[in-house]
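Text of the file input07.txt, holding compact mmCIF, C-alpha atoms:
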# COMPACT_ATOMS: atom_id res chain seq x y z
CA MET A 107 277.04 156.00 119.50
CA ILE A 108 276.06 153.77 122.41
CA ASP A 109 278.23 150.69 122.71
CA ALA A 110 276.75 147.70 120.92
CA MET A 111 277.21 145.64 124.09
CA THR A 112 274.89 147.99 126.02
CA SER A 113 271.60 146.14 126.39
CA PRO A 114 268.23 147.89 126.14
CA ILE A 115 267.76 147.25 129.87
CA ASP A 116 271.10 148.87 130.72
CA ARG A 117 270.33 151.82 128.46
CA ALA A 118 266.91 152.30 130.09
CA ARG A 119 268.51 152.14 133.54
CA LEU A 120 271.14 154.71 132.61
CA GLN A 121 268.47 156.98 131.13
CA ARG A 122 266.38 156.82 134.32
CA ARG A 123 269.43 157.58 136.47
CA THR A 124 270.34 160.48 134.19
CA LEU A 125 266.83 161.95 134.33
CA PHE A 126 266.61 161.71 138.13
CA THR A 127 270.01 163.38 138.53
CA LEU A 128 269.18 166.16 136.10
CA ILE A 129 265.84 166.75 137.83
CA GLY A 130 267.67 167.09 141.14
CA SER A 131 269.96 169.74 139.68
CA VAL A 132 267.81 171.83 137.34
CA GLY A 133 265.11 172.18 140.00
CA PRO A 134 267.28 174.22 142.38
CA ALA A 135 269.06 175.98 139.51
CA GLY A 136 265.72 177.06 138.04
CA MET A 137 264.80 178.58 141.38
CA GLY A 138 267.99 180.63 141.41
CA MET A 139 267.59 181.83 137.85
CA ALA A 140 263.91 182.81 138.18
CA GLY A 141 264.40 184.44 141.56
CA GLY A 142 267.37 186.42 140.31
CA PHE A 143 265.45 187.56 137.25
CA ALA A 144 262.44 188.67 139.30
CA ALA A 145 264.64 190.70 141.64
CA THR A 146 266.98 192.28 139.11
CA THR A 147 264.57 194.72 137.48
CA LEU A 148 263.48 196.02 140.88
CA ALA A 149 267.00 196.13 142.31
CA SER A 150 268.44 197.99 139.34
CA LYS A 151 265.57 200.50 139.35
CA GLU A 152 266.26 201.25 143.00
CA ILE A 153 269.90 201.96 142.11
CA VAL A 154 269.50 204.02 138.92
CA GLU A 155 265.76 204.97 138.78
CA ASN A 156 265.66 204.45 135.03
CA GLU A 157 263.41 201.87 133.36
CA SER A 158 265.66 201.36 130.33
CA LEU A 159 268.69 200.66 132.52
CA ALA A 160 266.55 198.47 134.78
CA THR A 161 265.50 196.26 131.88
CA LEU A 162 269.10 196.25 130.59
CA ALA A 163 270.28 194.69 133.85
CA ALA A 164 267.54 192.05 133.72
CA THR A 165 268.31 191.34 130.08
CA MET A 166 271.91 190.56 130.99
CA ILE A 167 270.57 187.21 132.24
CA SER A 168 269.58 186.41 128.64
CA ILE A 169 272.84 187.80 127.30
CA GLY A 170 274.78 185.67 129.77
CA GLY A 171 272.94 182.62 128.50
CA ALA A 172 273.76 183.54 124.91
CA VAL A 173 277.42 184.14 125.69
CA MET A 174 277.59 180.81 127.52
CA ALA A 175 275.74 178.69 124.94
CA VAL A 176 278.46 178.11 122.35
CA PRO A 177 281.56 177.61 124.55
CA LEU A 178 279.55 175.45 126.94
CA SER A 179 278.21 173.20 124.18
CA ARG A 180 281.62 172.83 122.56
CA PHE A 181 283.20 172.04 125.92
CA MET A 182 280.52 169.39 126.49
CA ALA A 183 281.07 167.93 123.04
CA ARG A 184 284.69 167.28 124.08
CA ARG A 185 284.49 166.59 127.82
CA GLY A 186 280.89 165.54 128.45
CA ARG A 187 277.76 166.95 130.08
CA ARG A 188 278.82 166.63 133.74
CA PRO A 189 281.82 169.00 133.79
CA GLY A 190 280.00 171.47 131.56
CA LEU A 191 276.94 171.67 133.79
CA ARG A 192 279.10 171.91 136.91
CA ILE A 193 281.14 174.81 135.54
CA GLY A 194 278.07 176.66 134.26
CA TRP A 195 276.26 176.59 137.60
CA THR A 196 279.44 177.55 139.47
CA ILE A 197 279.75 180.66 137.31
CA ALA A 198 276.08 181.43 138.06
CA ALA A 199 276.68 181.21 141.83
CA THR A 200 279.63 183.58 141.45
CA GLY A 201 277.44 186.00 139.51
CA ALA A 202 274.83 185.93 142.29
CA LEU A 203 277.56 186.79 144.82
CA LEU A 204 278.54 189.80 142.71
CA ALA A 205 274.88 190.85 142.62
CA VAL A 206 274.74 190.81 146.43
CA LEU A 207 277.77 193.10 146.52
CA ALA A 208 276.12 195.35 143.92
CA VAL A 209 272.93 195.75 145.95
CA GLU A 210 274.87 196.44 149.14
CA THR A 211 277.07 199.08 147.50
CA SER A 212 274.43 200.45 145.06
CA THR A 213 276.84 199.81 142.18
CA TYR A 214 274.93 199.39 138.93
CA PRO A 215 277.84 198.12 136.75
CA LEU A 216 278.54 195.41 139.33
CA LEU A 217 274.87 194.38 139.22
CA VAL A 218 275.08 194.11 135.43
CA LEU A 219 278.19 191.93 135.73
CA GLY A 220 276.53 189.78 138.38
CA THR A 221 273.37 189.19 136.37
CA LEU A 222 275.55 188.34 133.37
CA GLY A 223 277.01 185.57 135.52
CA ILE A 224 273.55 184.43 136.63
CA GLY A 225 272.72 184.23 132.93
CA ALA A 226 275.36 181.50 132.65
CA GLY A 227 273.04 179.48 134.87
CA ASN A 228 270.23 180.10 132.41
CA GLY A 229 272.38 178.81 129.56
CA THR A 230 273.35 175.79 131.66
CA ASN A 231 269.70 175.01 132.44
CA LEU A 232 268.99 175.08 128.71
CA ALA A 233 271.90 172.76 127.95
CA ALA A 234 270.65 170.28 130.55
CA ARG A 235 267.52 169.54 128.50
CA TYR A 236 269.69 168.09 125.73
CA ALA A 237 271.48 165.89 128.28
CA ALA A 238 268.09 164.32 128.98
CA ALA A 239 267.82 163.30 125.32
CA ASP A 240 271.31 161.84 124.86
CA LEU A 241 270.25 158.32 125.87
CA ALA A 242 266.54 158.57 125.06
CA ASP A 243 264.86 156.28 122.55
CA ASP A 244 263.90 158.00 119.32
CA ASP A 245 260.19 157.98 120.15
CA ARG A 246 260.78 159.49 123.61
CA VAL A 247 263.12 162.39 122.82
CA ALA A 248 260.51 165.14 123.22
CA ARG A 249 259.07 163.52 126.34
CA SER A 250 262.53 163.38 127.94
CA ILE A 251 263.14 167.02 127.09
CA GLY A 252 259.69 167.88 128.44
CA ILE A 253 260.44 166.15 131.73
CA LEU A 254 263.55 168.30 132.16
CA VAL A 255 261.67 171.47 131.26
CA TRP A 256 259.03 170.46 133.80
CA ALA A 257 261.70 169.80 136.44
CA SER A 258 262.83 173.40 136.09
CA SER A 259 259.35 174.41 137.24
CA ILE A 260 259.94 172.88 140.67
CA GLY A 261 262.22 175.77 141.50
CA SER A 262 261.26 178.32 138.87
CA ILE A 263 257.63 178.60 139.99
CA LEU A 264 258.70 179.09 143.60
CA GLY A 265 261.68 181.28 142.70
CA PRO A 266 260.01 184.70 142.18
CA THR A 267 257.57 184.30 145.08
CA VAL A 268 260.25 183.12 147.52
CA ALA A 269 262.80 185.64 146.22
CA LEU A 270 260.49 188.63 146.61
CA GLY A 271 258.96 187.47 149.88
CA ALA A 272 260.61 184.88 152.08
CA THR A 273 264.21 185.97 151.52
CA GLU A 274 263.69 189.53 152.75
CA PRO A 275 263.61 188.62 156.48
CA VAL A 276 266.71 186.46 156.02
CA ALA A 277 268.62 189.32 154.40
CA GLU A 278 267.53 191.76 157.10
CA ALA A 279 268.52 189.31 159.82
CA LEU A 280 271.99 189.24 158.28
CA GLY A 281 272.10 193.04 158.23
CA LEU A 282 271.78 193.21 154.44
CA GLU A 283 269.48 195.08 152.06
CA PRO A 284 266.13 193.30 151.43
CA LEU A 285 266.86 192.83 147.72
CA SER A 286 270.09 191.02 148.55
CA GLY A 287 267.91 188.12 149.72
CA PRO A 288 267.06 186.73 146.27
CA TYR A 289 270.73 186.63 145.31
CA LEU A 290 271.72 184.90 148.55
CA MET A 291 269.15 182.24 147.69
CA ALA A 292 270.58 181.99 144.17
CA ILE A 293 274.10 181.38 145.50
CA CYS A 294 272.88 178.46 147.59
CA VAL A 295 270.75 176.75 144.96
CA PHE A 296 273.25 177.11 142.10
CA ALA A 297 275.94 175.60 144.34
CA LEU A 298 273.57 172.74 145.20
CA ALA A 299 272.89 172.07 141.50
CA ALA A 300 276.63 171.93 140.75
CA VAL A 301 277.24 169.45 143.58
CA VAL A 302 274.35 167.17 142.58
CA VAL A 303 275.44 166.88 138.96
CA GLU A 304 279.10 166.38 139.87
CA VAL A 305 278.37 163.58 142.32
CA PHE A 306 275.54 161.72 140.61
CA LEU A 307 275.71 162.29 136.82
CA ARG A 308 277.82 159.18 136.29
CA PRO A 309 278.32 157.76 133.73
CA ASP A 310 278.19 160.87 131.62
CA PRO A 311 275.20 160.56 129.20
CA LEU A 312 276.83 162.26 126.21
CA LEU A 313 280.10 160.35 126.50
CA THR A 314 278.12 157.13 126.89
CA ALA A 315 276.08 157.93 123.77
CA THR A 316 279.09 158.85 121.63
CA GLY A 317 281.60 156.37 123.06
CA GLY A 318 283.95 159.20 124.07
CA ASP A 319 286.21 159.22 127.12
CA GLY A 320 286.24 162.93 127.89
CA LEU A 321 289.99 163.11 127.20
CA THR A 322 290.30 162.98 123.43
CA ALA A 323 288.38 165.46 121.29
CA PRO A 324 286.03 163.75 118.81
CA ALA A 325 285.41 165.27 115.40
CA ARG A 326 282.69 167.87 115.64
CA PRO A 327 281.51 170.73 113.44
CA SER A 328 283.02 174.17 114.00
CA LEU A 329 280.78 177.08 114.99
CA ARG A 330 280.58 178.24 111.38
CA GLU A 331 279.82 174.70 110.20
CA SER A 332 277.14 174.35 112.87
CA PHE A 333 275.32 177.46 111.69
CA ALA A 334 275.73 176.31 108.07
CA ARG A 335 274.21 172.92 108.84
CA ILE A 336 271.25 174.58 110.52
CA ALA A 337 270.79 176.99 107.60
CA THR A 338 270.80 174.21 105.01
CA ASN A 339 268.39 171.96 106.89
CA ASN A 340 264.80 173.16 106.45
CA LEU A 341 263.50 171.45 109.57
CA ALA A 342 266.39 172.78 111.64
CA VAL A 343 265.55 176.31 110.46
CA ILE A 344 261.96 175.83 111.61
CA ALA A 345 263.14 174.36 114.91
CA VAL A 346 265.53 177.20 115.69
CA GLY A 347 262.99 179.76 114.48
CA ALA A 348 260.34 178.37 116.84
CA MET A 349 262.70 178.54 119.81
CA ALA A 350 264.01 182.00 118.92
CA VAL A 351 260.59 183.60 118.38
CA GLY A 352 259.16 181.99 121.50
CA GLN A 353 262.11 183.22 123.56
CA ALA A 354 261.98 186.75 122.14
CA VAL A 355 258.26 187.21 122.75
CA MET A 356 258.46 185.76 126.24
CA VAL A 357 261.49 187.79 127.35
CA ALA A 358 260.27 191.07 125.85
CA ILE A 359 256.97 191.01 127.72
CA MET A 360 258.15 189.35 130.95
CA THR A 361 261.05 191.80 131.38
CA VAL A 362 258.85 194.90 131.59
CA THR A 363 255.76 193.40 133.26
CA PRO A 364 257.10 193.96 136.83
CA LEU A 365 257.62 197.65 136.01
CA HIS A 366 254.16 197.91 134.42
CA MET A 367 252.55 196.41 137.53
CA GLU A 368 254.65 198.55 139.84
CA ASP A 369 253.30 201.61 138.01
CA GLY A 370 249.85 200.30 138.93
CA ALA A 371 250.81 200.24 142.65
CA HIS A 372 250.71 196.45 142.96
CA GLU A 373 252.53 194.89 145.90
CA LYS A 374 255.77 193.02 145.28
CA ARG A 375 253.99 189.85 146.42
CA ILE A 376 251.42 190.24 143.62
CA ILE A 377 254.15 190.94 141.06
CA GLY A 378 255.94 187.80 142.20
CA LEU A 379 252.73 185.76 141.85
CA VAL A 380 252.25 186.99 138.26
CA ILE A 381 255.78 185.92 137.33
CA SER A 382 255.25 182.60 139.11
CA LEU A 383 252.03 181.92 137.16
CA HIS A 384 253.88 182.79 133.97
CA ILE A 385 256.53 180.23 134.87
CA VAL A 386 253.78 177.68 135.61
CA GLY A 387 252.78 178.04 131.97
CA MET A 388 256.40 177.73 130.84
CA TYR A 389 257.28 174.57 132.74
CA LEU A 390 254.49 172.75 134.55
CA PHE A 391 252.80 171.19 131.50
CA ALA A 392 256.05 170.35 129.71
CA PRO A 393 255.73 166.53 130.03
CA VAL A 394 252.29 166.74 128.39
CA VAL A 395 253.70 168.98 125.67
CA GLY A 396 256.52 166.49 125.12
CA TRP A 397 254.02 163.64 124.86
CA LEU A 398 252.09 165.62 122.23
CA VAL A 399 255.26 166.44 120.27
CA ASP A 400 256.19 162.74 120.11
CA ARG A 401 252.78 161.87 118.67
CA LEU A 402 251.51 164.81 116.61
CA PRO A 403 252.96 166.60 113.56
CA SER A 404 255.59 169.15 114.52
CA SER A 405 253.86 171.75 112.36
CA LEU A 406 250.74 171.54 114.53
CA ILE A 407 252.70 172.10 117.76
CA VAL A 408 254.68 175.03 116.32
CA ALA A 409 251.47 176.66 115.06
CA ALA A 410 249.82 176.18 118.46
CA ALA A 411 252.80 177.91 120.05
CA GLY A 412 252.36 180.92 117.78
CA VAL A 413 248.63 181.19 118.52
CA MET A 414 249.12 181.02 122.29
CA LEU A 415 251.93 183.59 122.26
CA PHE A 416 249.78 185.93 120.19
CA ALA A 417 246.76 185.53 122.47
CA GLY A 418 248.87 186.13 125.58
CA GLY A 419 250.45 189.24 124.16
CA GLU A 420 247.08 190.68 123.18
CA LEU A 421 245.58 190.04 126.63
CA ALA A 422 248.53 191.74 128.32
CA SER A 423 248.40 194.66 125.90
CA HIS A 424 244.76 195.40 126.76
CA THR A 425 245.32 195.42 130.55
CA ASP A 426 245.81 198.70 132.43
CA ALA A 427 248.57 198.96 135.02
CA GLU A 428 246.03 199.04 137.88
CA ASP A 429 244.38 195.79 136.76
CA ARG A 430 245.78 192.30 137.07
CA LEU A 431 243.51 189.65 135.47
CA GLY A 432 244.63 190.30 131.89
CA VAL A 433 248.28 190.27 132.91
CA PHE A 434 247.84 187.06 134.93
CA THR A 435 246.11 185.31 132.02
CA GLY A 436 248.29 186.80 129.29
CA LEU A 437 251.57 185.92 130.99
CA PHE A 438 250.32 182.37 131.61
CA LEU A 439 249.48 181.90 127.90
CA ILE A 440 252.83 183.36 126.88
CA GLY A 441 254.55 180.87 129.17
CA LEU A 442 252.55 177.97 127.71
CA GLY A 443 253.27 179.11 124.16
CA TRP A 444 256.97 179.28 125.02
CA SER A 445 256.79 175.69 126.29
CA PHE A 446 255.23 174.47 123.03
CA ALA A 447 257.86 176.35 120.98
CA MET A 448 260.81 175.26 123.12
CA ILE A 449 260.01 171.55 123.34
CA SER A 450 258.89 171.11 119.73
CA GLY A 451 261.91 173.05 118.47
CA SER A 452 264.38 171.18 120.70
CA SER A 453 262.99 167.79 119.70
CA LEU A 454 262.93 168.67 116.01
CA LEU A 455 266.53 169.91 116.15
CA THR A 456 267.72 166.80 118.01
CA SER A 457 266.09 164.43 115.52
CA ALA A 458 267.54 166.30 112.54
CA PHE A 459 271.21 165.50 113.33
CA GLY A 460 273.30 162.53 114.40
CA VAL A 461 274.42 162.11 117.99
CA ALA A 462 278.09 162.81 117.24
CA GLU A 463 277.43 166.35 116.00
CA ARG A 464 274.40 167.29 118.08
CA ALA A 465 276.11 169.02 121.01
CA ALA A 466 277.93 171.60 118.89
CA ILE A 467 274.85 172.29 116.74
CA GLN A 468 272.65 172.52 119.81
CA GLY A 469 274.97 175.21 121.16
CA ALA A 470 274.66 177.24 117.97
CA ALA A 471 270.87 176.88 118.12
CA ASP A 472 270.71 177.92 121.77
CA PHE A 473 272.95 180.90 121.05
CA THR A 474 270.48 182.03 118.37
CA MET A 475 267.53 181.48 120.67
CA VAL A 476 268.96 183.22 123.73
CA ALA A 477 270.45 186.06 121.67
CA SER A 478 266.98 186.68 120.24
CA GLY A 479 265.62 186.89 123.76
CA ALA A 480 268.43 189.20 124.80
CA ALA A 481 267.79 191.53 121.87
CA ALA A 482 264.09 191.58 122.71
CA GLY A 483 264.82 192.32 126.35
CA LEU A 484 267.24 195.12 125.48
CA THR A 485 264.71 196.84 123.24
CA SER A 486 261.68 196.25 125.46
CA GLY A 487 262.52 199.03 127.91
CA VAL A 488 263.23 201.44 125.08
CA VAL A 489 259.89 200.61 123.42
CA VAL A 490 258.00 201.10 126.68
CA GLU A 491 259.74 204.42 127.29
CA ALA A 492 259.01 205.63 123.75
CA PHE A 493 255.51 204.19 123.37
CA SER A 494 253.89 202.02 126.05
CA TYR A 495 253.69 198.57 127.60
CA HIS A 496 250.51 198.04 125.60
CA SER A 497 252.26 198.68 122.26
CA LEU A 498 255.13 196.38 123.17
CA SER A 499 252.83 193.49 124.15
CA HIS A 500 250.65 193.92 121.06
CA TRP A 501 253.47 193.89 118.52
CA ALA A 502 255.33 191.09 120.29
CA GLY A 503 252.15 189.02 120.00
CA VAL A 504 251.83 189.85 116.32
CA ALA A 505 255.45 188.74 115.76
CA ALA A 506 254.56 185.35 117.25
CA LEU A 507 252.19 184.72 114.34
CA THR A 508 255.29 184.09 112.20
CA LEU A 509 255.36 180.65 113.83
CA VAL A 510 252.01 179.84 112.23
CA ALA A 511 253.48 180.75 108.83
CA ALA A 512 256.60 178.66 109.55
CA ALA A 513 254.44 175.71 110.55
CA LEU A 514 252.75 175.74 107.17
CA TYR A 515 256.08 175.28 105.36
CA PRO A 516 256.51 171.51 105.85
CA VAL A 517 252.81 171.01 105.13
CA VAL A 518 252.98 172.88 101.84
CA THR A 519 256.35 171.51 100.71
CA LYS A 520 255.94 168.07 102.30
CA VAL A 521 259.30 168.34 104.08
CA ARG A 522 259.97 165.30 106.24
CA THR A 523 262.32 164.74 109.13
CA PRO A 524 265.62 163.30 107.87
CA GLU A 525 267.05 160.18 109.45
CA PRO A 526 269.96 160.98 111.80
CA VAL A 527 273.34 159.69 110.71
This structure in structure tokens:
Amino acid sequence: MIDAMTSPIDRARLQRRTLFTLIGSVGPAGMGMAGGFAATTLASKEIVENESLATLAATMISIGGAVMAVPLSRFMARRGRRPGLRIGWTIAATGALLAVLAVETSTYPLLVLGTLGIGAGNGTNLAARYAAADLADDDRVARSIGILVWASSIGSILGPTVALGATEPVAEALGLEPLSGPYLMAICVFALAAVVVEVFLRPDPLLTATGGDGLTAPARPSLRESFARIATNNLAVIAVGAMAVGQAVMVAIMTVTPLHMEDGAHEKRIIGLVISLHIVGMYLFAPVVGWLVDRLPSSLIVAAAGVMLFAGGELASHTDAEDRLGVFTGLFLIGLGWSFAMISGSSLLTSAFGVAERAAIQGAADFTMVASGAAAGLTSGVVVEAFSYHSLSHWAGVAALTLVAAALYPVVTKVRTPEPV
């Protein structure tokens, strides 16, 4: 825990410094991740002309985040947040470089490998939100997480629009394919994020909170123990469930929406705007969501997430490919529902465990969440091929109603948040 000699003033100062540094890193990194995601479905379809394989390549971003979650969290538990974040974003920049080579050589397997690396950046962005909570006061955990989620919007909202618009002339000026542009941008911004966190995230927030030195390995639960502790803690189950369902619904619908709109002959610029508006819903209102989570019952926020995800899915499912209003509105609501699920779940999970064991358990939770999104993304293309975009959006929305049922559990059983140890 934080040294007893650390005064409240010093702790507040360290927390402010940590938040500013993390904002300066996740902003650019979010731009790289969102831009890479927006370009991947289109790039892979140009290479293989198959919607299922196109969505597979895009889903590798989620799979990369899932693969990265556990080893990254366990590395951080031993060495601290700074080296973990630096390594994660460096891997993402390398993945973006491989994606450029894939587009230039029309090599689909190389694109899959590259987007898997970009997915490491997604997992690193997720881990950064917990770094914001390491030094936060108990009544400001959700707000701190919300600020980090909001900071991702600085780049993530611009990412798809810039990636599918402004980068094309740059790529052509360099003699490259237009769809190499988004990945060139991703290389630059992931590298910037790694440099910012390496230079300025000092002292390390997790090591400061736990009293570690980054050299000796403190006792921490194993991966199996982490999952067991989640499974035996009712509130942790609800927290992870909220994050996993929110991620699955969001990824399933967002992955195939560019293809649905392309079938309706929409310009790439319009497709990019739809994804950007979706990301506005995901990130822009996060500080407000965090403020609500700190003050209202968690069950209410989780239920609200389920309702918004359902409404967004239904609006998207009733929109023809040639139209855009329902998709614009539906994707925005899905993004907002994801924000409610992510922040309430992250805060609930953080408050359920002591600081010494949080990092390892957070990794297990993020693995579950991102793996759920990856599974949804992998099956989304298959569902669209077999049925339709409308069927996928409808049933994904219906699945989100499970969050309303989960939210009723603590109300009915009067489960209360345990005190961290």
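If you measure from each of A:Gly352, A:Gly451, A:Gly229, A:Gly136 to Ser179 of chain A using all atoms listed in the file, the closest one turns out to be A:Gly229.
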Compile the contact shell of segment 287-303 of chain A as a ChimeraX atom specification: residues with an atom at most 6 Å away, counting all atoms listed in the file, same-chain residues fewer than 6 positions apart removed. /A:131,134-135,138,141-142,192,195,199,202,206,269,273-274,277
What does the file look like for those residues with C-alpha atoms, as a compact mmCIF listing (two decimals), keeping the file's coordinate frame?
# COMPACT_ATOMS: atom_id res chain seq x y z
CA SER A 131 269.96 169.74 139.68
CA PRO A 134 267.28 174.22 142.38
CA ALA A 135 269.06 175.98 139.51
CA GLY A 138 267.99 180.63 141.41
CA GLY A 141 264.40 184.44 141.56
CA GLY A 142 267.37 186.42 140.31
CA ARG A 192 279.10 171.91 136.91
CA TRP A 195 276.26 176.59 137.60
CA ALA A 199 276.68 181.21 141.83
CA ALA A 202 274.83 185.93 142.29
CA VAL A 206 274.74 190.81 146.43
CA ALA A 269 262.80 185.64 146.22
CA THR A 273 264.21 185.97 151.52
CA GLU A 274 263.69 189.53 152.75
CA ALA A 277 268.62 189.32 154.40
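Distance check against Leu406 of chain A using all atoms listed in the file: of A:Val351, A:Val490, A:Ala447, A:Ile253, the minimum falls on A:Ala447.
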Taking into account all atoms listed in the file, which residue in the set A:Val346, A:Ile167, A:Ala392, A:Ile224 is nearest to Ser250 of chain A? A:Ala392
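The two atoms in question, atom CA of Asn231 of chain A and atom CA of Leu203 of chain A, are spaced 18.8 Å apart.
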One decimal, in Å: what's the spacing between atom CA of Leu162 of chain A and atom CA of Thr146 of chain A? 9.6 Å
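From atom CA of Val132 of chain A back to atom CA of Ala422 of chain A, the distance works out to 29.1 Å.
The neighbours of segment 358-364 of chain A here are the residues that come within 8 Å of it, using only C-alpha atoms and leaving out any residue fewer than 3 positions away in the same chain; they are Ala144, Thr147, Leu148, Thr161, Ala164, Thr165, Ala354, Val355, Met367, Glu368, Ile377, Ile381, Gly419, Leu437, Gly479, Ala482, Gly483, Thr485, Ser486, Gly487, Val490, Tyr495, Leu498, Ser499 and Ala502 of chain A.
Nearest residue to Ala239 of chain A among A:Leu159, A:Leu125, A:Ile260, A:Leu313 is A:Leu125, counting only C-alpha atoms.
Distance check against Gly418 of chain A using all atoms listed in the file: of A:His366, A:Arg430, A:Arg188, A:His500, the minimum falls on A:His500.
Contact shell of Thr213 of chain A at 12 Å (all atoms listed in the file; same-chain neighbours under 5 positions omitted): Ala149, Ser150, Lys151, Glu152, Ile153, Val154, Ala163, Leu204, Ala205, Val206, Leu207, Ala208, Val218, Leu219 and Gly220 of chain A.
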Residues within 12 Å of Leu514 of chain A, please, as a ChimeraX atom specification. Count all atoms listed in the file; anything in the same chain fewer than 6 positions from it doesn't count. /A:341,344,403-410,412,507-508,520-521
